[in-house]
Amino acid sequence: MQALIFDVDGTLADTEAAHREAFNAAFAEVGLDWYWDEGLYARLLNVAGGKERLLHYWRTIDPEEARGREVKETIDAVHAIKTRHYAARVDGGGLPLRPGIHRLIAEAEAAGVPIAIATTTTPANLDALLCAPLGTDWHKRFASIGDAATAPVKKPAPDVYHAVLQQLGLQGADCLAVEDSCNGLRAATAAGIPTVVTTTPYTEMHWFDEALVVLPHLGDPEQPLPRLVPGMGRRWVDLAALHHWHDGVLAREN
Ligand code: XBP
Ligand code: MG
């Protein structure tokens, strides 16, 4: 394993509750009588990308109006307001990183294994989420950052992973991805990247047949996983476990 590529929403941090609240705050601010409850949002999360999600929802409730000329401007405006509300919720460490993320980033840095990001969210959201937990120079810690600005075509398309692989100068099989959703797993798999899945309450019911391993989270000494998984020496995922799972893929393929 020559590089570790992290998804963001649901993987680095459990962010979708904050995204859902931010969408609803934006609807209220602009006077839209839309409200996305948790059940509806869980279904809407099948559409990656906030703007794409807004357009999909609008088309389902008013296909005629969603074809109008101002649709793109309206969606861009609502999404910008939503992004402001999201930043207000996660700024300054408002949302902690998931178990194991801090530790694995430090382990990878200590071992000289490059880390990267491949997400469908925006650069603004990344900065709001990561500045506090990873420092104001957080972006310098990543050898490549693929986001909504890098790859307009969102997951499950592999575009953002292809862009990251190109910047890393690596093949998919050389890397390992960490994802939380079916869309994310499909995108990484389509880019040829073996993938570990850590589920969230929004994604635990998804299909993850192509995943190397599916876990509730990556664990930490102070928050161990409920059980050992073959390949793990401890009840949390360390770099050795990721190498073991990745090498197992290579062994099966050769
Ligand atoms: C998950 C997404 C994002 C977020 C909302 O991204 O699909 O669209 O739900 O963020 P990830 P935006 O690939 O990190 O799991 O409104 O900025 O899109
Ligand atoms: Mg995700």
# chains A, B, ... in the order shown; residues from 1 in each chain; ligands from 1

call {"tool": "residues_around", "arguments": {"residues": "range 36-49 of chain A", "least_positions_apart": "2", "cutoff": "10 Å", "atoms": "only C-alpha atoms", "output": "mmCIF file with all heavy atoms, in the first residue's frame"}}
result
data_model
loop_
_atom_site.group_PDB
_atom_site.id
_atom_site.type_symbol
_atom_site.label_atom_id
_atom_site.label_comp_id
_atom_site.auth_asym_id
_atom_site.auth_seq_id
_atom_site.Cartn_x
_atom_site.Cartn_y
_atom_site.Cartn_z
ATOM 1 N N GLU A 16 -23.085 14.161 8.136
ATOM 2 C CA GLU A 16 -24.339 14.331 7.394
ATOM 3 C C GLU A 16 -25.470 14.914 8.240
ATOM 4 O O GLU A 16 -26.363 15.565 7.695
ATOM 5 C CB GLU A 16 -24.771 13.025 6.718
ATOM 6 C CG GLU A 16 -23.864 12.585 5.582
ATOM 7 C CD GLU A 16 -23.763 13.587 4.426
ATOM 8 O OE1 GLU A 16 -24.539 14.574 4.362
ATOM 9 O OE2 GLU A 16 -22.847 13.414 3.579
ATOM 10 N N ALA A 17 -25.423 14.751 9.549
ATOM 11 C CA ALA A 17 -26.458 15.417 10.373
ATOM 12 C C ALA A 17 -26.298 16.932 10.253
ATOM 13 O O ALA A 17 -27.279 17.669 10.084
ATOM 14 C CB ALA A 17 -26.328 14.983 11.830
ATOM 15 N N HIS A 19 -24.888 18.497 7.717
ATOM 16 C CA HIS A 19 -25.304 18.890 6.356
ATOM 17 C C HIS A 19 -26.825 18.994 6.286
ATOM 18 O O HIS A 19 -27.365 19.966 5.744
ATOM 19 C CB HIS A 19 -24.819 17.841 5.344
ATOM 20 C CG HIS A 19 -23.378 17.970 4.951
ATOM 21 N ND1 HIS A 19 -22.853 19.081 4.361
ATOM 22 C CD2 HIS A 19 -22.349 17.089 5.065
ATOM 23 C CE1 HIS A 19 -21.559 18.899 4.136
ATOM 24 N NE2 HIS A 19 -21.227 17.695 4.541
ATOM 25 N N ARG A 20 -27.513 18.034 6.849
ATOM 26 C CA ARG A 20 -28.991 18.049 6.779
ATOM 27 C C ARG A 20 -29.548 19.287 7.483
ATOM 28 O O ARG A 20 -30.407 19.996 6.936
ATOM 29 C CB ARG A 20 -29.581 16.785 7.432
ATOM 30 C CG ARG A 20 -31.092 16.669 7.320
ATOM 31 C CD ARG A 20 -31.627 15.414 8.007
ATOM 32 N NE ARG A 20 -31.601 15.544 9.459
ATOM 33 C CZ ARG A 20 -32.610 16.071 10.157
ATOM 34 N NH1 ARG A 20 -33.689 16.549 9.545
ATOM 35 N NH2 ARG A 20 -32.538 16.154 11.480
ATOM 36 N N GLU A 21 -29.012 19.596 8.658
ATOM 37 C CA GLU A 21 -29.460 20.791 9.386
ATOM 38 C C GLU A 21 -29.167 22.053 8.576
ATOM 39 O O GLU A 21 -29.967 22.987 8.538
ATOM 40 C CB GLU A 21 -28.754 20.867 10.751
ATOM 41 C CG GLU A 21 -29.213 19.820 11.757
ATOM 42 C CD GLU A 21 -28.252 19.726 12.942
ATOM 43 O OE1 GLU A 21 -27.294 20.551 12.998
ATOM 44 O OE2 GLU A 21 -28.441 18.834 13.787
ATOM 45 N N PHE A 23 -28.917 22.307 5.270
ATOM 46 C CA PHE A 23 -29.883 22.408 4.156
ATOM 47 C C PHE A 23 -31.199 22.995 4.664
ATOM 48 O O PHE A 23 -31.737 23.954 4.082
ATOM 49 C CB PHE A 23 -30.139 21.021 3.540
ATOM 50 C CG PHE A 23 -29.110 20.575 2.534
ATOM 51 C CD1 PHE A 23 -28.252 19.529 2.816
ATOM 52 C CD2 PHE A 23 -29.009 21.199 1.291
ATOM 53 C CE1 PHE A 23 -27.300 19.099 1.887
ATOM 54 C CE2 PHE A 23 -28.064 20.786 0.351
ATOM 55 C CZ PHE A 23 -27.208 19.735 0.652
ATOM 56 N N ASN A 24 -31.712 22.477 5.779
ATOM 57 C CA ASN A 24 -32.998 22.959 6.303
ATOM 58 C C ASN A 24 -32.915 24.413 6.750
ATOM 59 O O ASN A 24 -33.858 25.192 6.560
ATOM 60 C CB ASN A 24 -33.469 22.051 7.453
ATOM 61 C CG ASN A 24 -33.943 20.690 6.938
ATOM 62 O OD1 ASN A 24 -34.504 20.580 5.839
ATOM 63 N ND2 ASN A 24 -33.701 19.639 7.718
ATOM 64 N N PHE A 27 -33.157 26.451 3.590
ATOM 65 C CA PHE A 27 -34.545 26.514 3.078
ATOM 66 C C PHE A 27 -35.341 27.529 3.878
ATOM 67 O O PHE A 27 -36.074 28.350 3.309
ATOM 68 C CB PHE A 27 -35.205 25.133 3.176
ATOM 69 C CG PHE A 27 -34.494 24.012 2.442
ATOM 70 C CD1 PHE A 27 -34.636 22.692 2.866
ATOM 71 C CD2 PHE A 27 -33.680 24.274 1.361
ATOM 72 C CE1 PHE A 27 -33.977 21.654 2.212
ATOM 73 C CE2 PHE A 27 -33.016 23.246 0.700
ATOM 74 C CZ PHE A 27 -33.165 21.936 1.138
ATOM 75 N N TRP A 34 -39.557 23.769 2.146
ATOM 76 C CA TRP A 34 -38.976 22.426 2.116
ATOM 77 C C TRP A 34 -38.416 22.092 3.496
ATOM 78 O O TRP A 34 -37.910 22.958 4.203
ATOM 79 C CB TRP A 34 -37.822 22.351 1.117
ATOM 80 C CG TRP A 34 -38.185 22.629 -0.330
ATOM 81 C CD1 TRP A 34 -39.441 22.835 -0.834
ATOM 82 C CD2 TRP A 34 -37.265 22.728 -1.430
ATOM 83 N NE1 TRP A 34 -39.358 23.064 -2.191
ATOM 84 C CE2 TRP A 34 -38.045 22.989 -2.587
ATOM 85 C CE3 TRP A 34 -35.883 22.608 -1.547
ATOM 86 C CZ2 TRP A 34 -37.458 23.139 -3.842
ATOM 87 C CZ3 TRP A 34 -35.298 22.755 -2.803
ATOM 88 C CH2 TRP A 34 -36.097 23.013 -3.941
ATOM 89 N N LYS A 51 -25.545 20.155 -4.529
ATOM 90 C CA LYS A 51 -26.318 20.804 -5.596
ATOM 91 C C LYS A 51 -27.120 19.775 -6.387
ATOM 92 O O LYS A 51 -28.287 19.990 -6.721
ATOM 93 C CB LYS A 51 -25.370 21.568 -6.541
ATOM 94 C CG LYS A 51 -24.737 22.801 -5.907
ATOM 95 C CD LYS A 51 -23.858 23.526 -6.910
ATOM 96 C CE LYS A 51 -23.225 24.759 -6.290
ATOM 97 N NZ LYS A 51 -22.327 25.464 -7.245
ATOM 98 N N GLU A 52 -26.478 18.647 -6.657
ATOM 99 C CA GLU A 52 -27.163 17.571 -7.386
ATOM 100 C C GLU A 52 -28.337 17.060 -6.571
ATOM 101 O O GLU A 52 -29.403 16.744 -7.102
ATOM 102 C CB GLU A 52 -26.183 16.441 -7.691
ATOM 103 C CG GLU A 52 -25.072 16.792 -8.672
ATOM 104 C CD GLU A 52 -23.910 17.541 -8.036
ATOM 105 O OE1 GLU A 52 -23.977 17.882 -6.818
ATOM 106 O OE2 GLU A 52 -22.952 17.848 -8.765
ATOM 107 N N ARG A 53 -28.153 17.013 -5.230
ATOM 108 C CA ARG A 53 -29.217 16.536 -4.343
ATOM 109 C C ARG A 53 -30.401 17.503 -4.368
ATOM 110 O O ARG A 53 -31.555 17.090 -4.398
ATOM 111 C CB ARG A 53 -28.649 16.403 -2.920
ATOM 112 C CG ARG A 53 -29.427 15.558 -1.969
ATOM 113 C CD ARG A 53 -28.592 15.256 -0.714
ATOM 114 N NE ARG A 53 -27.349 14.596 -1.075
ATOM 115 C CZ ARG A 53 -26.180 14.804 -0.468
ATOM 116 N NH1 ARG A 53 -26.079 15.673 0.520
ATOM 117 N NH2 ARG A 53 -25.108 14.166 -0.856
ATOM 118 N N LEU A 54 -30.088 18.809 -4.355
ATOM 119 C CA LEU A 54 -31.149 19.818 -4.408
ATOM 120 C C LEU A 54 -31.941 19.695 -5.709
ATOM 121 O O LEU A 54 -33.181 19.709 -5.706
ATOM 122 C CB LEU A 54 -30.525 21.222 -4.305
ATOM 123 C CG LEU A 54 -30.072 21.677 -2.916
ATOM 124 C CD1 LEU A 54 -29.158 22.885 -3.012
ATOM 125 C CD2 LEU A 54 -31.281 21.951 -2.027
ATOM 126 N N LEU A 55 -31.252 19.580 -6.831
ATOM 127 C CA LEU A 55 -31.928 19.475 -8.131
ATOM 128 C C LEU A 55 -32.774 18.206 -8.197
ATOM 129 O O LEU A 55 -33.927 18.235 -8.647
ATOM 130 C CB LEU A 55 -30.908 19.504 -9.277
ATOM 131 C CG LEU A 55 -31.503 19.399 -10.694
ATOM 132 C CD1 LEU A 55 -32.470 20.554 -10.968
ATOM 133 C CD2 LEU A 55 -30.375 19.376 -11.739
ATOM 134 N N HIS A 56 -32.234 17.114 -7.707
ATOM 135 C CA HIS A 56 -32.982 15.844 -7.700
ATOM 136 C C HIS A 56 -34.273 15.998 -6.901
ATOM 137 O O HIS A 56 -35.365 15.644 -7.357
ATOM 138 C CB HIS A 56 -32.115 14.746 -7.093
ATOM 139 C CG HIS A 56 -32.862 13.482 -6.773
ATOM 140 N ND1 HIS A 56 -33.182 12.547 -7.746
ATOM 141 C CD2 HIS A 56 -33.382 13.022 -5.598
ATOM 142 C CE1 HIS A 56 -33.865 11.557 -7.176
ATOM 143 N NE2 HIS A 56 -33.996 11.818 -5.885
ATOM 144 N N TYR A 57 -34.151 16.618 -5.716
ATOM 145 C CA TYR A 57 -35.342 16.778 -4.854
ATOM 146 C C TYR A 57 -36.374 17.675 -5.541
ATOM 147 O O TYR A 57 -37.563 17.364 -5.608
ATOM 148 C CB TYR A 57 -34.941 17.366 -3.503
ATOM 149 C CG TYR A 57 -36.111 17.691 -2.615
ATOM 150 C CD1 TYR A 57 -36.856 16.665 -2.014
ATOM 151 C CD2 TYR A 57 -36.510 19.001 -2.385
ATOM 152 C CE1 TYR A 57 -37.953 16.946 -1.204
ATOM 153 C CE2 TYR A 57 -37.606 19.298 -1.587
ATOM 154 C CZ TYR A 57 -38.322 18.264 -1.003
ATOM 155 O OH TYR A 57 -39.405 18.550 -0.218
ATOM 156 N N THR A 119 -13.296 13.489 -2.137
ATOM 157 C CA THR A 119 -14.634 13.788 -1.630
ATOM 158 C C THR A 119 -15.479 14.488 -2.683
ATOM 159 O O THR A 119 -14.943 15.070 -3.643
ATOM 160 C CB THR A 119 -14.558 14.712 -0.393
ATOM 161 O OG1 THR A 119 -15.873 15.053 0.038
ATOM 162 C CG2 THR A 119 -13.807 16.008 -0.708
ATOM 163 N N THR A 120 -16.797 14.446 -2.508
ATOM 164 C CA THR A 120 -17.673 15.211 -3.402
ATOM 165 C C THR A 120 -18.055 16.544 -2.766
ATOM 166 O O THR A 120 -18.753 17.344 -3.385
ATOM 167 C CB THR A 120 -18.989 14.451 -3.683
ATOM 168 O OG1 THR A 120 -19.609 14.179 -2.443
ATOM 169 C CG2 THR A 120 -18.730 13.175 -4.425
ATOM 170 N N THR A 121 -17.601 16.801 -1.540
ATOM 171 C CA THR A 121 -17.989 18.073 -0.920
ATOM 172 C C THR A 121 -17.059 19.184 -1.398
ATOM 173 O O THR A 121 -16.114 18.967 -2.147
ATOM 174 C CB THR A 121 -17.998 17.959 0.631
ATOM 175 O OG1 THR A 121 -18.721 19.071 1.160
ATOM 176 C CG2 THR A 121 -16.598 17.952 1.211
ATOM 177 N N THR A 122 -17.363 20.400 -0.943
ATOM 178 C CA THR A 122 -16.670 21.583 -1.460
ATOM 179 C C THR A 122 -15.400 21.910 -0.673
ATOM 180 O O THR A 122 -15.281 21.544 0.498
ATOM 181 C CB THR A 122 -17.614 22.807 -1.328
ATOM 182 O OG1 THR A 122 -17.932 22.946 0.074
ATOM 183 C CG2 THR A 122 -18.898 22.621 -2.121
ATOM 184 N N ALA A 148 -15.079 18.737 -4.783
ATOM 185 C CA ALA A 148 -16.094 19.115 -5.788
ATOM 186 C C ALA A 148 -15.506 20.048 -6.837
ATOM 187 O O ALA A 148 -15.981 20.108 -7.969
ATOM 188 C CB ALA A 148 -17.266 19.789 -5.083
ATOM 189 N N PRO A 152 -16.087 17.684 -11.103
ATOM 190 C CA PRO A 152 -17.509 18.054 -11.111
ATOM 191 C C PRO A 152 -18.449 16.847 -11.182
ATOM 192 O O PRO A 152 -19.536 16.892 -10.618
ATOM 193 C CB PRO A 152 -17.642 18.917 -12.367
ATOM 194 C CG PRO A 152 -16.257 19.363 -12.698
ATOM 195 C CD PRO A 152 -15.337 18.303 -12.189
ATOM 196 N N VAL A 153 -18.017 15.780 -11.835
ATOM 197 C CA VAL A 153 -18.880 14.586 -11.898
ATOM 198 C C VAL A 153 -18.676 13.795 -10.601
ATOM 199 O O VAL A 153 -17.555 13.362 -10.292
ATOM 200 C CB VAL A 153 -18.541 13.702 -13.119
ATOM 201 C CG1 VAL A 153 -19.441 12.469 -13.145
ATOM 202 C CG2 VAL A 153 -18.688 14.506 -14.404
ATOM 203 N N LYS A 154 -19.764 13.668 -9.842
ATOM 204 C CA LYS A 154 -19.666 13.158 -8.463
ATOM 205 C C LYS A 154 -19.723 11.628 -8.410
ATOM 206 O O LYS A 154 -20.126 10.959 -9.358
ATOM 207 C CB LYS A 154 -20.823 13.754 -7.656
ATOM 208 C CG LYS A 154 -20.876 15.290 -7.683
ATOM 209 C CD LYS A 154 -19.756 15.925 -6.909
ATOM 210 C CE LYS A 154 -19.682 17.431 -7.026
ATOM 211 N NZ LYS A 154 -20.900 18.171 -6.691
ATOM 212 N N LYS A 155 -19.347 11.128 -7.206
ATOM 213 C CA LYS A 155 -19.471 9.681 -6.940
ATOM 214 C C LYS A 155 -20.915 9.261 -7.204
ATOM 215 O O LYS A 155 -21.828 10.053 -7.013
ATOM 216 C CB LYS A 155 -19.105 9.403 -5.475
ATOM 217 C CG LYS A 155 -17.674 9.816 -5.114
ATOM 218 C CD LYS A 155 -17.439 9.681 -3.617
ATOM 219 C CE LYS A 155 -16.068 10.206 -3.218
ATOM 220 N NZ LYS A 155 -15.858 10.166 -1.749
ATOM 221 N N PRO A 156 -21.164 8.060 -7.661
ATOM 222 C CA PRO A 156 -20.282 6.901 -7.769
ATOM 223 C C PRO A 156 -19.362 6.934 -8.986
ATOM 224 O O PRO A 156 -18.637 5.968 -9.203
ATOM 225 C CB PRO A 156 -21.268 5.734 -7.879
ATOM 226 C CG PRO A 156 -22.456 6.310 -8.563
ATOM 227 C CD PRO A 156 -22.577 7.719 -8.067
ATOM 228 N N ALA A 157 -19.359 8.038 -9.745
ATOM 229 C CA ALA A 157 -18.353 8.123 -10.820
ATOM 230 C C ALA A 157 -16.968 8.136 -10.161
ATOM 231 O O ALA A 157 -16.779 8.745 -9.099
ATOM 232 C CB ALA A 157 -18.563 9.384 -11.628
ATOM 233 N N SER A 181 -19.906 5.045 2.258
ATOM 234 C CA SER A 181 -21.190 4.856 1.567
ATOM 235 C C SER A 181 -21.047 3.955 0.349
ATOM 236 O O SER A 181 -19.934 3.735 -0.152
ATOM 237 C CB SER A 181 -21.713 6.223 1.092
ATOM 238 O OG SER A 181 -20.852 6.716 0.069
ATOM 239 N N CYS A 182 -22.196 3.497 -0.143
ATOM 240 C CA CYS A 182 -22.208 2.658 -1.344
ATOM 241 C C CYS A 182 -21.671 3.436 -2.537
ATOM 242 O O CYS A 182 -20.839 2.945 -3.299
ATOM 243 C CB CYS A 182 -23.653 2.200 -1.594
ATOM 244 S SG CYS A 182 -23.854 1.318 -3.133
ATOM 245 N N ASN A 183 -22.103 4.699 -2.680
ATOM 246 C CA ASN A 183 -21.594 5.537 -3.775
ATOM 247 C C ASN A 183 -20.078 5.673 -3.701
ATOM 248 O O ASN A 183 -19.378 5.619 -4.718
ATOM 249 C CB ASN A 183 -22.217 6.935 -3.706
ATOM 250 C CG ASN A 183 -23.565 7.001 -4.411
ATOM 251 O OD1 ASN A 183 -23.897 6.142 -5.226
ATOM 252 N ND2 ASN A 183 -24.340 8.017 -4.079
ATOM 253 N N GLY A 184 -19.577 5.879 -2.496
ATOM 254 C CA GLY A 184 -18.133 6.054 -2.342
ATOM 255 C C GLY A 184 -17.374 4.781 -2.643
ATOM 256 O O GLY A 184 -16.352 4.803 -3.343
ATOM 257 N N PRO A 201 -24.758 5.722 10.668
ATOM 258 C CA PRO A 201 -26.184 5.365 10.722
ATOM 259 C C PRO A 201 -26.901 5.611 9.390
ATOM 260 O O PRO A 201 -27.876 4.944 9.066
ATOM 261 C CB PRO A 201 -26.718 6.292 11.824
ATOM 262 C CG PRO A 201 -25.528 6.533 12.706
ATOM 263 C CD PRO A 201 -24.351 6.591 11.782
ATOM 264 N N TYR A 202 -26.398 6.547 8.577
ATOM 265 C CA TYR A 202 -27.024 6.797 7.270
ATOM 266 C C TYR A 202 -26.648 5.761 6.220
ATOM 267 O O TYR A 202 -27.275 5.673 5.173
ATOM 268 C CB TYR A 202 -26.630 8.187 6.740
ATOM 269 C CG TYR A 202 -27.501 9.316 7.247
ATOM 270 C CD1 TYR A 202 -26.947 10.360 7.967
ATOM 271 C CD2 TYR A 202 -28.878 9.325 7.010
ATOM 272 C CE1 TYR A 202 -27.745 11.402 8.435
ATOM 273 C CE2 TYR A 202 -29.676 10.355 7.468
ATOM 274 C CZ TYR A 202 -29.101 11.394 8.176
ATOM 275 O OH TYR A 202 -29.895 12.423 8.638
ATOM 276 N N THR A 203 -25.555 5.013 6.470
ATOM 277 C CA THR A 203 -25.086 4.126 5.381
ATOM 278 C C THR A 203 -25.004 2.659 5.784
ATOM 279 O O THR A 203 -24.709 1.809 4.965
ATOM 280 C CB THR A 203 -23.673 4.554 4.896
ATOM 281 O OG1 THR A 203 -22.726 4.344 5.981
ATOM 282 C CG2 THR A 203 -23.631 6.006 4.455
ATOM 283 N N HIS A 206 -26.411 0.072 3.513
ATOM 284 C CA HIS A 206 -25.992 0.034 2.096
ATOM 285 C C HIS A 206 -25.357 -1.316 1.756
ATOM 286 O O HIS A 206 -24.947 -2.074 2.628
ATOM 287 C CB HIS A 206 -24.979 1.151 1.817
ATOM 288 C CG HIS A 206 -25.565 2.527 1.779
ATOM 289 N ND1 HIS A 206 -24.854 3.628 1.367
ATOM 290 C CD2 HIS A 206 -26.790 2.994 2.113
ATOM 291 C CE1 HIS A 206 -25.604 4.701 1.445
ATOM 292 N NE2 HIS A 206 -26.793 4.342 1.888
#

call {"tool": "residues_around", "arguments": {"residues": "Arg84 in chain A", "least_positions_apart": "2", "cutoff": "9 Å", "atoms": "only C-alpha atoms", "output": "JSON, numbers by chain"}}
result
{"A": [22, 26, 79, 80, 81, 82, 86, 87, 88, 89, 124, 125]}

call {"tool": "select_by_dssp", "arguments": {"residues": "range 76-250 of chain A", "states": "helix (DSSP H, G or I)", "output": "PyMOL selection string"}}
result
chain A and resi 76-93+101-111+123-134+138-141+159-168+172-174+182-190+239-250

call {"tool": "select_by_dssp", "arguments": {"residues": "range 55-208 of chain A", "states": "strand (DSSP E or B)", "output": "JSON, numbers by chain"}}
result
{"A": [115, 116, 117, 118, 144, 145, 146, 175, 176, 177, 178, 179, 195, 196, 197, 198]}

call {"tool": "write_last_selection", "arguments": {"atoms": "N, CA, C and O atoms", "output": "CSV table (one decimal), in the first residue's frame"}}
result
chain,number,residue,atom,x,y,z
A,115,ILE,N,-0.9,10.5,2.4
A,115,ILE,CA,-2.4,10.4,2.6
A,115,ILE,C,-3.0,11.4,1.6
A,115,ILE,O,-2.4,12.4,1.2
A,116,ALA,N,-4.3,11.1,1.2
A,116,ALA,CA,-5.0,12.0,0.3
A,116,ALA,C,-6.5,12.0,0.6
A,116,ALA,O,-6.9,11.2,1.5
A,117,ILE,N,-7.2,12.9,0.0
A,117,ILE,CA,-8.6,13.1,0.2
A,117,ILE,C,-9.3,13.0,-1.1
A,117,ILE,O,-8.8,13.5,-2.2
A,118,ALA,N,-10.4,12.2,-1.1
A,118,ALA,CA,-11.3,12.2,-2.4
A,118,ALA,C,-12.7,12.3,-1.9
A,118,ALA,O,-13.3,11.4,-1.4
A,144,SER,N,-2.6,14.8,-1.9
A,144,SER,CA,-3.5,15.2,-3.0
A,144,SER,C,-4.9,15.4,-2.3
A,144,SER,O,-5.2,14.7,-1.4
A,145,ILE,N,-5.6,16.4,-2.8
A,145,ILE,CA,-6.9,16.7,-2.3
A,145,ILE,C,-7.9,16.8,-3.5
A,145,ILE,O,-7.8,17.7,-4.4
A,146,GLY,N,-8.8,15.8,-3.7
A,146,GLY,CA,-9.8,15.8,-4.7
A,146,GLY,C,-11.1,16.1,-4.1
A,146,GLY,O,-11.5,15.5,-3.1
A,175,CYS,N,-3.0,1.7,-3.9
A,175,CYS,CA,-3.5,2.5,-2.8
A,175,CYS,C,-4.6,1.7,-2.1
A,175,CYS,O,-5.0,0.6,-2.4
A,176,LEU,N,-5.0,2.3,-1.0
A,176,LEU,CA,-6.2,1.8,-0.3
A,176,LEU,C,-7.1,3.0,0.1
A,176,LEU,O,-6.6,4.1,0.5
A,177,ALA,N,-8.4,2.8,-0.1
A,177,ALA,CA,-9.4,3.9,0.2
A,177,ALA,C,-10.2,3.6,1.4
A,177,ALA,O,-10.4,2.4,1.8
A,178,VAL,N,-10.6,4.6,2.1
A,178,VAL,CA,-11.5,4.5,3.3
A,178,VAL,C,-12.8,5.2,2.9
A,178,VAL,O,-12.7,6.4,2.6
A,179,GLU,N,-13.9,4.6,2.9
A,179,GLU,CA,-15.2,5.2,2.5
A,179,GLU,C,-16.3,4.9,3.5
A,179,GLU,O,-16.1,4.0,4.4
A,195,THR,N,-10.9,-1.0,-1.0
A,195,THR,CA,-11.5,-0.1,-0.1
A,195,THR,C,-12.0,-0.7,1.2
A,195,THR,O,-12.6,-1.8,1.2
A,196,VAL,N,-11.7,0.0,2.3
A,196,VAL,CA,-12.2,-0.4,3.7
A,196,VAL,C,-13.4,0.6,3.9
A,196,VAL,O,-13.3,1.8,3.6
A,197,VAL,N,-14.5,0.0,4.4
A,197,VAL,CA,-15.7,0.8,4.7
A,197,VAL,C,-15.9,0.9,6.2
A,197,VAL,O,-15.8,0.0,6.9
A,198,THR,N,-16.2,2.2,6.6
A,198,THR,CA,-16.6,2.4,8.0
A,198,THR,C,-18.0,3.1,7.9
A,198,THR,O,-18.1,4.2,7.3

call {"tool": "residues_near_ligand", "arguments": {"ligand": "ligand 2", "cutoff": "6 Å", "atoms": "only C-alpha atoms and all ligand atoms", "output": "list in words"}}
result
Asp7, Val8, Asp9, Gly10, Thr11, Glu179, Asp180 and Ser181 of chain A

call {"tool": "atom_distance", "arguments": {"atom1": "CA of His217 in chain A", "atom2": "CA of Gln167 in chain A"}}
result
27.7 Å

call {"tool": "residues_around", "arguments": {"residues": "Val237 in chain A", "least_positions_apart": "6", "cutoff": "9 Å", "atoms": "only C-alpha atoms", "output": "PDB file with all heavy atoms, in the first residue's frame"}}
result
ATOM      1  N   GLY A 100     -10.134   6.840  15.300  1.00  0.00           N
ATOM      2  CA  GLY A 100      -9.030   6.253  14.514  1.00  0.00           C
ATOM      3  C   GLY A 100      -8.461   7.160  13.450  1.00  0.00           C
ATOM      4  O   GLY A 100      -7.357   6.931  12.953  1.00  0.00           O
ATOM      5  N   LEU A 104      -4.574   7.275  12.645  1.00  0.00           N
ATOM      6  CA  LEU A 104      -4.091   6.705  11.381  1.00  0.00           C
ATOM      7  C   LEU A 104      -3.353   7.740  10.537  1.00  0.00           C
ATOM      8  O   LEU A 104      -2.362   7.427   9.877  1.00  0.00           O
ATOM      9  CB  LEU A 104      -5.260   6.117  10.586  1.00  0.00           C
ATOM     10  CG  LEU A 104      -5.463   4.612  10.762  1.00  0.00           C
ATOM     11  CD1 LEU A 104      -6.681   4.144  10.000  1.00  0.00           C
ATOM     12  CD2 LEU A 104      -4.230   3.843  10.298  1.00  0.00           C
ATOM     13  N   HIS A 217     -16.421   1.554  12.689  1.00  0.00           N
ATOM     14  CA  HIS A 217     -15.461   2.679  12.686  1.00  0.00           C
ATOM     15  C   HIS A 217     -14.053   2.083  12.734  1.00  0.00           C
ATOM     16  O   HIS A 217     -13.905   0.851  12.741  1.00  0.00           O
ATOM     17  CB  HIS A 217     -15.714   3.640  13.880  1.00  0.00           C
ATOM     18  CG  HIS A 217     -15.759   2.969  15.221  1.00  0.00           C
ATOM     19  ND1 HIS A 217     -14.624   2.564  15.895  1.00  0.00           N
ATOM     20  CD2 HIS A 217     -16.812   2.597  15.992  1.00  0.00           C
ATOM     21  CE1 HIS A 217     -14.964   2.011  17.043  1.00  0.00           C
ATOM     22  NE2 HIS A 217     -16.291   1.987  17.118  1.00  0.00           N
ATOM     23  N   LEU A 218     -13.020   2.944  12.759  1.00  0.00           N
ATOM     24  CA  LEU A 218     -11.644   2.424  12.713  1.00  0.00           C
ATOM     25  C   LEU A 218     -11.095   2.107  14.105  1.00  0.00           C
ATOM     26  O   LEU A 218     -10.042   1.477  14.236  1.00  0.00           O
ATOM     27  CB  LEU A 218     -10.736   3.443  12.016  1.00  0.00           C
ATOM     28  CG  LEU A 218     -11.034   3.663  10.528  1.00  0.00           C
ATOM     29  CD1 LEU A 218     -10.233   4.848   9.979  1.00  0.00           C
ATOM     30  CD2 LEU A 218     -10.737   2.395   9.712  1.00  0.00           C
ATOM     31  N   GLY A 219     -11.784   2.554  15.123  1.00  0.00           N
ATOM     32  CA  GLY A 219     -11.416   2.259  16.499  1.00  0.00           C
ATOM     33  C   GLY A 219     -10.195   3.018  16.984  1.00  0.00           C
ATOM     34  O   GLY A 219      -9.435   3.589  16.206  1.00  0.00           O
ATOM     35  N   ASP A 220     -10.035   3.022  18.281  1.00  0.00           N
ATOM     36  CA  ASP A 220      -8.886   3.642  18.963  1.00  0.00           C
ATOM     37  C   ASP A 220      -8.671   2.877  20.257  1.00  0.00           C
ATOM     38  O   ASP A 220      -9.605   2.200  20.727  1.00  0.00           O
ATOM     39  CB  ASP A 220      -9.210   5.123  19.297  1.00  0.00           C
ATOM     40  CG  ASP A 220      -8.724   6.091  18.220  1.00  0.00           C
ATOM     41  OD1 ASP A 220      -7.664   5.818  17.596  1.00  0.00           O
ATOM     42  OD2 ASP A 220      -9.415   7.097  17.986  1.00  0.00           O
ATOM     43  N   LEU A 225     -12.869  -1.434  18.851  1.00  0.00           N
ATOM     44  CA  LEU A 225     -13.961  -2.061  18.107  1.00  0.00           C
ATOM     45  C   LEU A 225     -14.539  -3.204  18.948  1.00  0.00           C
ATOM     46  O   LEU A 225     -13.852  -3.759  19.801  1.00  0.00           O
ATOM     47  CB  LEU A 225     -13.431  -2.590  16.773  1.00  0.00           C
ATOM     48  CG  LEU A 225     -13.177  -1.487  15.731  1.00  0.00           C
ATOM     49  CD1 LEU A 225     -12.219  -1.957  14.650  1.00  0.00           C
ATOM     50  CD2 LEU A 225     -14.491  -1.027  15.114  1.00  0.00           C
TER      51      LEU A 225
END

call {"tool": "closest_residue", "arguments": {"among": "A:Gly135, A:Gly50, A:Gly68, A:Pro99", "to": "ligand 1", "atoms": "only C-alpha atoms and all ligand atoms"}}
result
A:Gly50
